[in-house]
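Shown next, in structure tokens, is the structure this report addresses.
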Amino acid sequence: QVQLVESGGGLRQAGESLRLSCAASGSMFSINVMGWYRQAPGKQRELVAFITSGGSTNYGDSVKGRFTISRDNGKNTVYLEMNSLKPEDTAVYYCNALVAGKGAYWGQGTQVTVSS
């Protein structure tokens with residue numbers, strides 16, 4: 001089992017920044033990909049960004065140029081730096097990890113609220 005614990009959510013005003021963290025613990029299998037998804041009320045969960053163990057990244061179109069994902073492989077931790085926040089970024093943000101031979105794991109989610 002792999003446990004993912006998110007932290008860093010909160011309330012911000014539009015234009016401000018916020019940093020999310022997600023630490024993986026438990027059975028230390030190889031984590032190939034770590035990423036962030038988000039789900040706003042009444043909407044489907046969508047990809048925010050992911051990063052591979054080699055450092056390759058991919059971003060959802062709505063956050064490109066504003067959000068940056070990074071990863072500390074030694075600490076099994078992934079970060080999401082969110083800049084120029086918009087009210088439409090309001091959602092529950094979920095950490096995700098793809099573990100070799102084990103599948104996908106999810107964190108419990110952390111709320112991000114951006115006021116206009």
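Every chain in the structure tokens takes a letter, A first, then B, and so on in the order presented; its residues are numbered from 1, and the ligands are numbered from 1 following the presented order.
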Report the residues of chain A whose backbone DSSP state falls under strand (DSSP E or B), written as a PyMOL selection string.
-> chain A and resi 2-7+10-13+18-26+31-39+46-52+57-59+67-72+77-82+91-99+103-106+110-115
Within 12 Å of range 4-13 of chain A, counting only C-alpha atoms, which residues show up once you throw out same-chain ones fewer than 2 positions away? Write them as number ranges by chain, please.
-> A: 1-2, 15-28, 31, 34-38, 76-99, 104-116
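Note that CA of Tyr59 in chain A and CA of Glu46 in chain A are 10.6 Å apart.
In terms of minimum interatomic distance to Gly74 in chain A, A:Ser30 ranks closest within A:Gln3, A:Ala40, A:Ser30, A:Ala49, counting only C-alpha atoms.
Here CA of Val63 in chain A is placed at a distance of 18.7 Å from CA of Val33 in chain A.
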Please run DSSP on the backbone and report, as an MDAnalysis selection string, all residues within chain A that come out as helix (DSSP H, G or I).
-> chainID A and resid 73:75 87:89
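Between CA of Arg66 in chain A and CA of Gly103 in chain A the separation is 29.2 Å.
Nearest residue to Arg71 in chain A, choosing from A:Lys102, A:Ile51, A:Asn58, A:Asn32 and counting only C-alpha atoms: A:Ile51.
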